[in-house]
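Asks: So that we are looking at the same thing, I have put the structure below in C-alpha cells.
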Amino acid sequence: MGKNELLVDLLNAWEETYKKGQLTFWIFLSLKDGKKYVEEIKNFVEEESNQTMTCESQSLYRNLRKFQHVGVVDFEAGEGNKGPERKYYFLTDLGNSLLDSFTRRNIHLFFNEKIKQLLNKEE
Amino acid sequence: MKHLTRNLINFAIYFSVGTIVFRYGLSHSLDSRLFLQVYVIAVVYFFYNFGIGWYFGKKDYELLPLYDIGFRFHLATFLLYNSITEAWNYFGFLSQFESAKTNRYIAFFWGIFLLFHFLLYLYSRKNTIKGINKSEIFE
C-alpha cells in the first residue's frame with residue numbers, strides 16, 4: 001500500500017468515527033440559522049459542510065423526533081409547496097442554550113491562539 | 001411524555017381482539033370437551049401475541065426510542081388480559097372447567113412479576129433523559 005493510499009484509508013477511517021455525533025451539531029447549526037423543514041435542513045448540512053456530511057431524510061426525522069421529545073427542538077406547521085403543510089423546525093430556548101454551552105466548551109477552544117498556530121504550522 | 005404512543009394503542013387493539021377470540025375459543029373448547037383444541041388455541045394465541053408485540057414494539061422503537069425495557073407493553077398486556085378475563089367471568093362466559101379464583105391467582109402472581117418489571121424499569125430510567133437512553137439522544 002502506497003503512502004497516499006494509506007493516508008486516504010486512514011483519513012476515511014478517522015472521519016467515519018469523527019462524524020458520528022456531528023450530525024446533531026449540524027442540525028442545530030442549521031436551525032440556529034432559522035426555521036427550516038427537513039429538506040432545507042438536509043441541504044444546509046450538506047452544503048455548509050462542503051458535502052463532508054450527508055444525511056438521509058429518514059435519519060433527520062428520527063433525530064428531530066428525539067430532539068423534540070427531550071425539548072430542544074419544536075416545530076410549527078407552515079405552508080407546503082402546493083402540497084400538504086410542512087413542519088418547520090426551530091430550536092427552543094433550551095435548544096439554544098444547549099448549543100451555546102456545547103459550542104463554548106467544545107468548539108471555541110479551536111479558536112485559541114495556540115491551537116490556531118498549531119493548526120497552521122507548516123511541517 | 002409520550003408514553004401512550006400510536007403503536008402501543010394499535011398493539012392494545014390487536015391484543016384485545018386476540019384475547020376475546022382466545023377467551024371465546026378456550027371456554028367454548030372446554031365446554032365441548034375438545035381438550036386438544038385448547039392446546040392448539042393456546043399455542044396460536046402465544047405466537048399471535050409474540051408477533052404483534054414484536055411488530056408494534058419494533059415500530060414504536062423506530063419512531064421514538066423510548067427505553068422502557070418493554071414495561072409499557074407489558075403493563076398494557078396485563079391490564080387488558082385481566083380486564084377481559086374479569087369481564088368474561090362477570091358476564092358468565094367462563095366454561096364449567098374454569099374458575100374465577102384461578103384467574104385471580106394468575107393475575108396476582110403476574111402482578112408480582114409486573115411489579116418487579118416496574119422496579120427494573122425505574123432502575124433503567126437512571127440512564128435516560130425523558131425516557132430516551134442518554135447514549136442514543138445525540139447519536
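In the C-alpha cells, chains take the letters A, B, ... in the order shown, each chain's residues start at 1, and ligands count up from 1 in the order shown.
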Quick one: residues within 12 Å of Thr19 (chain B), only C-alpha atoms, excluding same-chain residues fewer than 5 positions away - as a CSV table (one decimal) with C-alpha atoms, in the first residue's frame?
Replies:
chain,number,residue,atom,x,y,z
B,11,PHE,CA,-51.0,-3.2,19.9
B,12,ALA,CA,-53.7,-2.8,22.6
B,13,ILE,CA,-56.4,-3.0,20.0
B,14,TYR,CA,-55.0,-6.1,18.3
B,24,TYR,CA,-64.2,-17.5,23.4
B,25,GLY,CA,-62.2,-20.3,21.8
B,26,LEU,CA,-60.9,-21.5,25.2
B,27,SER,CA,-64.3,-21.5,27.0
B,41,ILE,CA,-55.6,-22.3,20.7
B,42,ALA,CA,-53.2,-21.5,23.4
B,44,VAL,CA,-51.7,-19.9,18.4
B,45,TYR,CA,-52.6,-17.2,21.0
B,46,PHE,CA,-49.0,-17.2,22.2
B,48,TYR,CA,-50.1,-14.2,17.8
B,49,ASN,CA,-49.2,-12.1,20.8
B,77,THR,CA,-51.0,-6.6,28.2
B,78,PHE,CA,-51.6,-7.2,31.9
B,79,LEU,CA,-54.4,-4.7,32.2
B,80,LEU,CA,-56.2,-5.8,29.1
B,81,TYR,CA,-55.9,-9.5,29.6
B,82,ASN,CA,-57.1,-9.4,33.2
B,83,SER,CA,-59.9,-6.9,32.4
B,84,ILE,CA,-61.2,-9.1,29.6
B,85,THR,CA,-60.9,-12.2,31.8
B,87,ALA,CA,-65.5,-9.3,32.2
B,88,TRP,CA,-65.7,-12.8,30.8
Asks: With a cut-off of 8 Å and counting only C-alpha atoms, select all residues of chain B in contact with chain A and give the selection as a PyMOL selection string.
Replies: chain B and resi 1-2+62-65+129-130+132+137-139
Asks: With a distance cut-off of 10 Å and only C-alpha atoms, select the neighbouring residues of Thr52 (chain A), excluding the residue or stretch itself and same-chain residues fewer than 4 positions from it, and output the selection as a list in words.
Replies: Glu15, Lys19, Val45, Glu46, Glu47 and Glu48 of chain A
Asks: Which value, in Å to one decimal, gives the distance between CA of Glu98 (chain B) and CA of Val21 (chain B)?
Replies: 16.4 Å
Asks: One decimal, Å: what's the distance from CA of Asp31 (chain B) over to CA of Asn89 (chain B), could you say?
Replies: 14.6 Å
Asks: Enumerate, as number ranges by chain, the complete set of residues in chain B that a backbone-based DSSP assignment places in alpha helix (DSSP H).
Replies: B: 6-31, 35-63, 71-90, 100-124, 134-137
Asks: Considering only C-alpha atoms, return as number ranges by chain whatever protein or nucleic-acid residues lie within 12 Å of Gly80 (chain A), sequence-local ones (same chain, fewer than 3 positions apart) excluded.
Replies: A: 36-39, 77, 83-88
Asks: Could those selected residues go to a file with N, CA and C atoms, as a PDB file, in the first residue's frame?
Replies:
ATOM      1  N   LYS A  36     -36.596  25.768   9.673  1.00  0.00           N
ATOM      2  CA  LYS A  36     -36.435  25.024   8.415  1.00  0.00           C
ATOM      3  C   LYS A  36     -37.265  23.758   8.423  1.00  0.00           C
ATOM      4  N   TYR A  37     -37.663  23.307   7.245  1.00  0.00           N
ATOM      5  CA  TYR A  37     -38.270  21.979   7.155  1.00  0.00           C
ATOM      6  C   TYR A  37     -37.174  20.990   6.778  1.00  0.00           C
ATOM      7  N   VAL A  38     -37.496  19.717   6.842  1.00  0.00           N
ATOM      8  CA  VAL A  38     -36.455  18.683   6.773  1.00  0.00           C
ATOM      9  C   VAL A  38     -35.546  18.800   5.537  1.00  0.00           C
ATOM     10  N   GLU A  39     -36.136  19.018   4.378  1.00  0.00           N
ATOM     11  CA  GLU A  39     -35.310  19.097   3.174  1.00  0.00           C
ATOM     12  C   GLU A  39     -34.333  20.274   3.248  1.00  0.00           C
ATOM     13  N   ALA A  77     -46.458  24.201  12.061  1.00  0.00           N
ATOM     14  CA  ALA A  77     -46.906  23.856  10.700  1.00  0.00           C
ATOM     15  C   ALA A  77     -46.850  25.092   9.819  1.00  0.00           C
ATOM     16  N   GLY A  83     -48.322  21.419  -1.758  1.00  0.00           N
ATOM     17  CA  GLY A  83     -48.633  20.125  -1.147  1.00  0.00           C
ATOM     18  C   GLY A  83     -49.193  20.309   0.249  1.00  0.00           C
ATOM     19  N   PRO A  84     -49.110  19.250   1.045  1.00  0.00           N
ATOM     20  CA  PRO A  84     -49.601  19.354   2.420  1.00  0.00           C
ATOM     21  C   PRO A  84     -48.706  20.281   3.252  1.00  0.00           C
ATOM     22  N   GLU A  85     -49.207  20.620   4.439  1.00  0.00           N
ATOM     23  CA  GLU A  85     -48.435  21.512   5.310  1.00  0.00           C
ATOM     24  C   GLU A  85     -47.110  20.869   5.706  1.00  0.00           C
ATOM     25  N   ARG A  86     -46.100  21.726   5.869  1.00  0.00           N
ATOM     26  CA  ARG A  86     -44.781  21.218   6.278  1.00  0.00           C
ATOM     27  C   ARG A  86     -44.534  21.547   7.734  1.00  0.00           C
ATOM     28  N   LYS A  87     -43.673  20.738   8.338  1.00  0.00           N
ATOM     29  CA  LYS A  87     -43.258  21.028   9.714  1.00  0.00           C
ATOM     30  C   LYS A  87     -41.993  21.875   9.648  1.00  0.00           C
ATOM     31  N   TYR A  88     -42.090  23.071  10.182  1.00  0.00           N
ATOM     32  CA  TYR A  88     -40.910  23.941  10.240  1.00  0.00           C
ATOM     33  C   TYR A  88     -40.308  23.824  11.636  1.00  0.00           C
TER      34      TYR A  88
END
Asks: Just asking: which residues within chain B are strand (DSSP E or B) according to DSSP, as a PyMOL selection string?
Replies: chain B and resi 66+128-129+132-133
Asks: Store the residues picked out above, limited to all heavy atoms, as a tab-separated table (two decimals), in the first residue's frame.
Replies:
chain	number	residue	atom	x	y	z
B	66	LEU	N	-37.92	5.08	23.05
B	66	LEU	CA	-38.15	5.17	24.49
B	66	LEU	C	-37.59	3.90	25.13
B	66	LEU	O	-37.95	2.80	24.75
B	66	LEU	CB	-39.64	5.30	24.80
B	66	LEU	CG	-40.29	6.61	24.39
B	66	LEU	CD1	-41.80	6.55	24.60
B	66	LEU	CD2	-39.71	7.79	25.16
B	128	THR	N	-31.51	7.47	31.42
B	128	THR	CA	-32.28	8.09	30.35
B	128	THR	C	-32.59	9.55	30.65
B	128	THR	O	-32.53	9.98	31.80
B	128	THR	CB	-33.62	7.36	30.13
B	128	THR	OG1	-34.45	7.57	31.28
B	128	THR	CG2	-33.44	5.88	29.90
B	129	ILE	N	-32.91	10.28	29.61
B	129	ILE	CA	-33.44	11.64	29.76
B	129	ILE	C	-34.79	11.62	29.07
B	129	ILE	O	-34.88	11.30	27.88
B	129	ILE	CB	-32.51	12.70	29.11
B	129	ILE	CG1	-31.17	12.75	29.85
B	129	ILE	CG2	-33.17	14.08	29.14
B	129	ILE	CD1	-30.13	13.67	29.22
B	132	ILE	N	-35.47	8.51	26.98
B	132	ILE	CA	-34.57	8.08	25.90
B	132	ILE	C	-33.18	7.87	26.50
B	132	ILE	O	-32.69	8.72	27.27
B	132	ILE	CB	-34.50	9.12	24.76
B	132	ILE	CG1	-35.90	9.36	24.17
B	132	ILE	CG2	-33.55	8.66	23.66
B	132	ILE	CD1	-35.93	10.36	23.04
B	133	ASN	N	-32.57	6.76	26.12
B	133	ASN	CA	-31.24	6.46	26.63
B	133	ASN	C	-30.28	7.60	26.28
B	133	ASN	O	-30.24	8.05	25.14
B	133	ASN	CB	-30.75	5.16	25.97
B	133	ASN	CG	-29.74	4.46	26.83
B	133	ASN	OD1	-28.89	5.11	27.43
B	133	ASN	ND2	-29.84	3.15	26.91
Asks: Report, in Å with one decimal, the straight-line distance from CA of Arg6 (chain B) to CA of Asp68 (chain B).
Replies: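 Taking CA of Arg6 (chain B) as the start and CA of Asp68 (chain B) as the end point, the length is 15.9 Å.
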Asks: Quick one: everything within 10 Å of Lys134 (chain B), counting only C-alpha atoms, minus sequence neighbours fewer than 6 positions away in the same chain. Send it as a PDB file with N, CA, C and O atoms, in the first residue's frame.
Replies:
ATOM      1  N   TYR B  67     -36.697   4.084  26.074  1.00  0.00           N
ATOM      2  CA  TYR B  67     -36.019   2.953  26.697  1.00  0.00           C
ATOM      3  C   TYR B  67     -36.797   2.546  27.946  1.00  0.00           C
ATOM      4  O   TYR B  67     -36.584   3.092  29.037  1.00  0.00           O
ATOM      5  N   ARG B 125     -34.321   3.714  34.116  1.00  0.00           N
ATOM      6  CA  ARG B 125     -34.554   5.116  33.739  1.00  0.00           C
ATOM      7  C   ARG B 125     -33.437   6.041  34.217  1.00  0.00           C
ATOM      8  O   ARG B 125     -33.366   7.188  33.788  1.00  0.00           O
ATOM      9  N   LYS B 126     -32.568   5.505  35.094  1.00  0.00           N
ATOM     10  CA  LYS B 126     -31.460   6.340  35.575  1.00  0.00           C
ATOM     11  C   LYS B 126     -30.543   6.769  34.427  1.00  0.00           C
ATOM     12  O   LYS B 126     -29.878   7.776  34.514  1.00  0.00           O
ATOM     13  N   ASN B 127     -30.487   5.931  33.395  1.00  0.00           N
ATOM     14  CA  ASN B 127     -29.602   6.243  32.259  1.00  0.00           C
ATOM     15  C   ASN B 127     -30.337   6.925  31.122  1.00  0.00           C
ATOM     16  O   ASN B 127     -29.868   6.919  29.990  1.00  0.00           O
ATOM     17  N   THR B 128     -31.505   7.467  31.424  1.00  0.00           N
ATOM     18  CA  THR B 128     -32.279   8.090  30.347  1.00  0.00           C
ATOM     19  C   THR B 128     -32.588   9.550  30.655  1.00  0.00           C
ATOM     20  O   THR B 128     -32.530   9.979  31.799  1.00  0.00           O
TER      21      THR B 128
END
